[in-house]
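Beneath this line is the structure, given in structure tokens, with notes to follow.
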Amino acid sequence: MVACCVKALLFFINVTLWLIGCALIGCPIYLLVSEPGSFPYAELELIAGAKALCYCVIGLGALLFLLGFLGCVGGLAEKKGMLKAYMGLLITLFMGEIGIAVFVILMESQLVTYLQIGWNYLDETTKDVVQNQLDCCGFLNYTEYDTISLSCYENVTAPSTIYDIGCYDRFKEYIVENLVYSASIGGSLVFLEIVGILLSCYMQKAIDKKNDVEPFDSPRQRGYPDNSNRFRDQQRAWEY
């Protein structure tokens, strides 16, 4: 009964990971093939303009897709090899997330440098949409521009006042305002990963117990018939 519940829970978790993987693959592809300036939100426009970020998200989605497949098939068919691969990928993903979190916390200055390089690779249409919707100018501030775009002005029709805050600070404000939602999503994903690792370990133990693994040097493992029971019966007959 317990094994059936564990198998059902493992299946549910990995179907969830599989669906998340499909979404992470499909959405960036849609953003990449769409025309610049066609999105209603600046966040989507920024992601679409940062093609390297889209490719990274697609790679993460492919990894989650593979994890969901291995977990579902390995759990339902009780394939120990697939469960081992599934657990190994989950542990790798979990350690990678910890590394990224540590990098973001301890090395913010380097992160800002990398983000600014990505900002510089954006096309002008994407920058204008982001600056217009977020009421910001430039990555850090407007002084990085030789020629200031109209999207940096509060009133485009009569340009006079320039936004004095950079888009990086705007995004930091956005993240802080939505910190609860972001932490909830990240925490839920980490929880699913930890539960998946524990369930995978349990399933592997259950498979070993079910198969009643014998020593490698037993007669049956070496391909010889196991005559131990027949010899035992003959010995008992001699004793009588």
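Going through the structure tokens in order, the chains are called A, B, and so on, while each chain numbers its residues from 1 and the ligands are numbered from 1 in the order shown.
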List as a tab-separated table (two decimals) with N, CA and C atoms, in the first residue's frame the protein and nucleic acid residues near range 97-101 of chain A, meaning an atom at most 10 Å away when only C-alpha atoms are counted, but skip any in the same chain fewer than 6 places from it.
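As a result, result.tsv now contains:
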chain	number	residue	atom	x	y	z
A	91	ILE	N	19.76	16.05	-8.02
A	91	ILE	CA	20.80	16.53	-7.11
A	91	ILE	C	21.67	17.59	-7.80
A	107	MET	N	28.05	38.13	-4.88
A	107	MET	CA	28.79	38.77	-5.98
A	107	MET	C	27.84	39.62	-6.82
A	186	GLY	N	9.96	29.71	-6.00
A	186	GLY	CA	11.27	29.06	-5.84
A	186	GLY	C	11.25	28.01	-4.75
A	190	VAL	N	12.00	23.92	-5.09
A	190	VAL	CA	13.02	23.24	-4.28
A	190	VAL	C	12.39	22.12	-3.47
Within 6 Å of range 127-137 of chain A, counting only C-alpha atoms, which residues qualify if same-chain residues fewer than 3 places away don't, as a list in words?
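So, after excluding close chain neighbours, the residues are Ala42, Glu124, Asn141, Tyr142, Ser151, Cys152, Tyr163, Ile165, Gly166 and Cys167 of chain A.
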A:Lys80, A:Phe94, A:Leu189, A:Phe139: which is nearest Lys210 in chain A, counting only C-alpha atoms?
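With only C-alpha atoms as the atom set, the closest residue is A:Lys80.
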Looking only at helix (DSSP H, G or I) from DSSP on the backbone, list the matching residues of range 85-178 of chain A as a PyMOL selection string.
chain A and resi 85-106+108-120+124-134+142-144+150-152+167-177
May I ask for the distance between CA of Ile197 in chain A and CA of Leu89 in chain A, given in Å to one decimal place?
9.6 Å
Using only C-alpha atoms: which of A:Leu67, A:Phe11, A:Leu60, A:Ala52 has the shortest distance to Ile117 in chain A
A:Ala52
For Asn211 in chain A, which residue among A:Thr125, A:Leu115, A:Leu192, A:Glu78 is the nearest when counting only C-alpha atoms?
A:Glu78
So that I can see what lies close to range 3-7 of chain A, please list as a list in words the residues with an atom at most 9 Å from it, counting only C-alpha atoms and leaving out residues fewer than 2 positions away in the same chain.
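In the requested format, the answer is Met1, Leu9, Leu10, Phe11, Phe12, Cys72, Gly75, Leu76, Leu199, Tyr202, Met203 and Ala206 of chain A.
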Resulting file, chosen residues, C-alpha atoms, as a JSON list (two decimals), in the first residue's frame:
[["chain", "number", "residue", "atom", "x", "y", "z"],
["A", 1, "MET", "CA", 0.00, 0.00, 0.00],
["A", 9, "LEU", "CA", 3.13, 10.75, -5.46],
["A", 10, "LEU", "CA", 6.30, 10.37, -7.54],
["A", 11, "PHE", "CA", 4.17, 10.28, -10.70],
["A", 12, "PHE", "CA", 2.30, 13.46, -9.67],
["A", 72, "CYS", "CA", 7.37, 9.01, -14.43],
["A", 75, "GLY", "CA", 8.64, 5.04, -11.09],
["A", 76, "LEU", "CA", 5.77, 3.35, -12.94],
["A", 199, "LEU", "CA", 10.94, 9.23, -3.13],
["A", 202, "TYR", "CA", 12.64, 4.87, -1.39],
["A", 203, "MET", "CA", 11.59, 3.41, -4.74],
["A", 206, "ALA", "CA", 11.62, -1.06, -2.61]]
Closest to Met87 in chain A among A:Cys27, A:Ile58, A:Ile207, A:Leu70, using only C-alpha atoms?
A:Leu70
Give me, as a VMD selection string, all polymer residues having an atom no more than 12 Å from Gly88 in chain A, counting only C-alpha atoms and skipping those fewer than 6 positions away in the same chain.
chain A and resid 67 70 to 71 81 to 82 94 to 95 193 to 194 196 to 198 200 to 201
Export of prior selection with all heavy atoms as a JSON list (two decimals), in the first residue's frame:
[["chain", "number", "residue", "atom", "x", "y", "z"],
["A", 67, "LEU", "N", 13.68, 15.28, -16.70],
["A", 67, "LEU", "CA", 13.46, 14.82, -15.33],
["A", 67, "LEU", "C", 12.06, 14.22, -15.16],
["A", 67, "LEU", "O", 11.89, 13.16, -14.55],
["A", 67, "LEU", "CB", 13.66, 15.97, -14.35],
["A", 67, "LEU", "CG", 15.09, 16.32, -13.96],
["A", 67, "LEU", "CD1", 15.12, 17.61, -13.15],
["A", 67, "LEU", "CD2", 15.72, 15.19, -13.16],
["A", 70, "LEU", "N", 11.95, 10.77, -16.93],
["A", 70, "LEU", "CA", 12.67, 9.73, -16.20],
["A", 70, "LEU", "C", 11.93, 9.34, -14.92],
["A", 70, "LEU", "O", 11.84, 8.15, -14.59],
["A", 70, "LEU", "CB", 14.08, 10.21, -15.86],
["A", 70, "LEU", "CG", 15.07, 10.35, -17.02],
["A", 70, "LEU", "CD1", 16.37, 10.97, -16.53],
["A", 70, "LEU", "CD2", 15.33, 9.01, -17.68],
["A", 71, "GLY", "N", 11.42, 10.35, -14.20],
["A", 71, "GLY", "CA", 10.72, 10.05, -12.95],
["A", 71, "GLY", "C", 9.43, 9.29, -13.17],
["A", 71, "GLY", "O", 9.14, 8.33, -12.44],
["A", 81, "GLY", "N", 17.62, 1.87, -13.01],
["A", 81, "GLY", "CA", 18.59, 2.69, -13.72],
["A", 81, "GLY", "C", 18.05, 4.08, -14.03],
["A", 81, "GLY", "O", 18.76, 5.08, -13.88],
["A", 82, "MET", "N", 16.79, 4.14, -14.46],
["A", 82, "MET", "CA", 16.18, 5.44, -14.76],
["A", 82, "MET", "C", 16.00, 6.25, -13.48],
["A", 82, "MET", "O", 16.18, 7.48, -13.49],
["A", 82, "MET", "CB", 14.84, 5.23, -15.46],
["A", 82, "MET", "CG", 14.95, 4.54, -16.79],
["A", 82, "MET", "SD", 13.36, 4.39, -17.65],
["A", 82, "MET", "CE", 13.10, 6.09, -18.16],
["A", 94, "PHE", "N", 19.67, 20.79, -8.00],
["A", 94, "PHE", "CA", 19.57, 21.39, -6.67],
["A", 94, "PHE", "C", 20.87, 22.11, -6.28],
["A", 94, "PHE", "O", 20.84, 23.24, -5.79],
["A", 94, "PHE", "CB", 19.21, 20.31, -5.65],
["A", 94, "PHE", "CG", 19.05, 20.82, -4.25],
["A", 94, "PHE", "CD1", 17.95, 21.59, -3.92],
["A", 94, "PHE", "CD2", 19.97, 20.51, -3.27],
["A", 94, "PHE", "CE1", 17.79, 22.08, -2.62],
["A", 94, "PHE", "CE2", 19.82, 20.98, -1.97],
["A", 94, "PHE", "CZ", 18.72, 21.76, -1.65],
["A", 95, "MET", "N", 22.00, 21.45, -6.51],
["A", 95, "MET", "CA", 23.28, 22.07, -6.20],
["A", 95, "MET", "C", 23.54, 23.30, -7.08],
["A", 95, "MET", "O", 24.11, 24.29, -6.63],
["A", 95, "MET", "CB", 24.41, 21.06, -6.37],
["A", 95, "MET", "CG", 24.32, 19.86, -5.44],
["A", 95, "MET", "SD", 24.34, 20.33, -3.71],
["A", 95, "MET", "CE", 25.99, 20.98, -3.55],
["A", 193, "GLU", "N", 11.83, 19.15, -5.62],
["A", 193, "GLU", "CA", 13.10, 18.47, -5.91],
["A", 193, "GLU", "C", 13.53, 17.59, -4.74],
["A", 193, "GLU", "O", 13.95, 16.44, -4.93],
["A", 193, "GLU", "CB", 14.18, 19.51, -6.22],
["A", 193, "GLU", "CG", 13.94, 20.25, -7.53],
["A", 193, "GLU", "CD", 14.89, 21.42, -7.69],
["A", 193, "GLU", "OE1", 15.73, 21.62, -6.79],
["A", 193, "GLU", "OE2", 14.78, 22.13, -8.70],
["A", 194, "ILE", "N", 13.44, 18.12, -3.51],
["A", 194, "ILE", "CA", 13.84, 17.34, -2.34],
["A", 194, "ILE", "C", 12.94, 16.12, -2.16],
["A", 194, "ILE", "O", 13.41, 15.00, -1.91],
["A", 194, "ILE", "CB", 13.81, 18.23, -1.08],
["A", 194, "ILE", "CG1", 14.88, 19.32, -1.19],
["A", 194, "ILE", "CG2", 14.05, 17.40, 0.18],
["A", 194, "ILE", "CD1", 14.85, 20.32, -0.05],
["A", 196, "GLY", "N", 11.27, 14.64, -4.49],
["A", 196, "GLY", "CA", 11.57, 13.72, -5.58],
["A", 196, "GLY", "C", 12.81, 12.88, -5.29],
["A", 196, "GLY", "O", 12.83, 11.68, -5.58],
["A", 197, "ILE", "N", 13.85, 13.50, -4.71],
["A", 197, "ILE", "CA", 15.06, 12.75, -4.35],
["A", 197, "ILE", "C", 14.75, 11.68, -3.31],
["A", 197, "ILE", "O", 15.18, 10.52, -3.43],
["A", 197, "ILE", "CB", 16.14, 13.72, -3.83],
["A", 197, "ILE", "CG1", 16.63, 14.63, -4.97],
["A", 197, "ILE", "CG2", 17.32, 12.95, -3.26],
["A", 197, "ILE", "CD1", 17.53, 15.74, -4.50],
["A", 198, "LEU", "N", 13.98, 12.04, -2.27],
["A", 198, "LEU", "CA", 13.65, 11.09, -1.21],
["A", 198, "LEU", "C", 12.78, 9.94, -1.74],
["A", 198, "LEU", "O", 13.01, 8.77, -1.41],
["A", 198, "LEU", "CB", 12.92, 11.81, -0.07],
["A", 198, "LEU", "CG", 13.75, 12.88, 0.68],
["A", 198, "LEU", "CD1", 12.89, 13.58, 1.72],
["A", 198, "LEU", "CD2", 14.97, 12.25, 1.32],
["A", 200, "SER", "N", 12.65, 8.87, -4.80],
["A", 200, "SER", "CA", 13.47, 8.04, -5.69],
["A", 200, "SER", "C", 14.30, 7.05, -4.88],
["A", 200, "SER", "O", 14.42, 5.87, -5.25],
["A", 200, "SER", "CB", 14.37, 8.93, -6.54],
["A", 200, "SER", "OG", 15.25, 8.17, -7.33],
["A", 201, "CYS", "N", 14.88, 7.52, -3.78],
["A", 201, "CYS", "CA", 15.65, 6.62, -2.90],
["A", 201, "CYS", "C", 14.75, 5.51, -2.37],
["A", 201, "CYS", "O", 15.14, 4.32, -2.34],
["A", 201, "CYS", "CB", 16.26, 7.40, -1.75],
["A", 201, "CYS", "SG", 17.60, 8.51, -2.21]]
What's the separation between CA of Val176 in chain A and CA of Cys56 in chain A, in Å to one decimal place?
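A separation of 23.4 Å between them.
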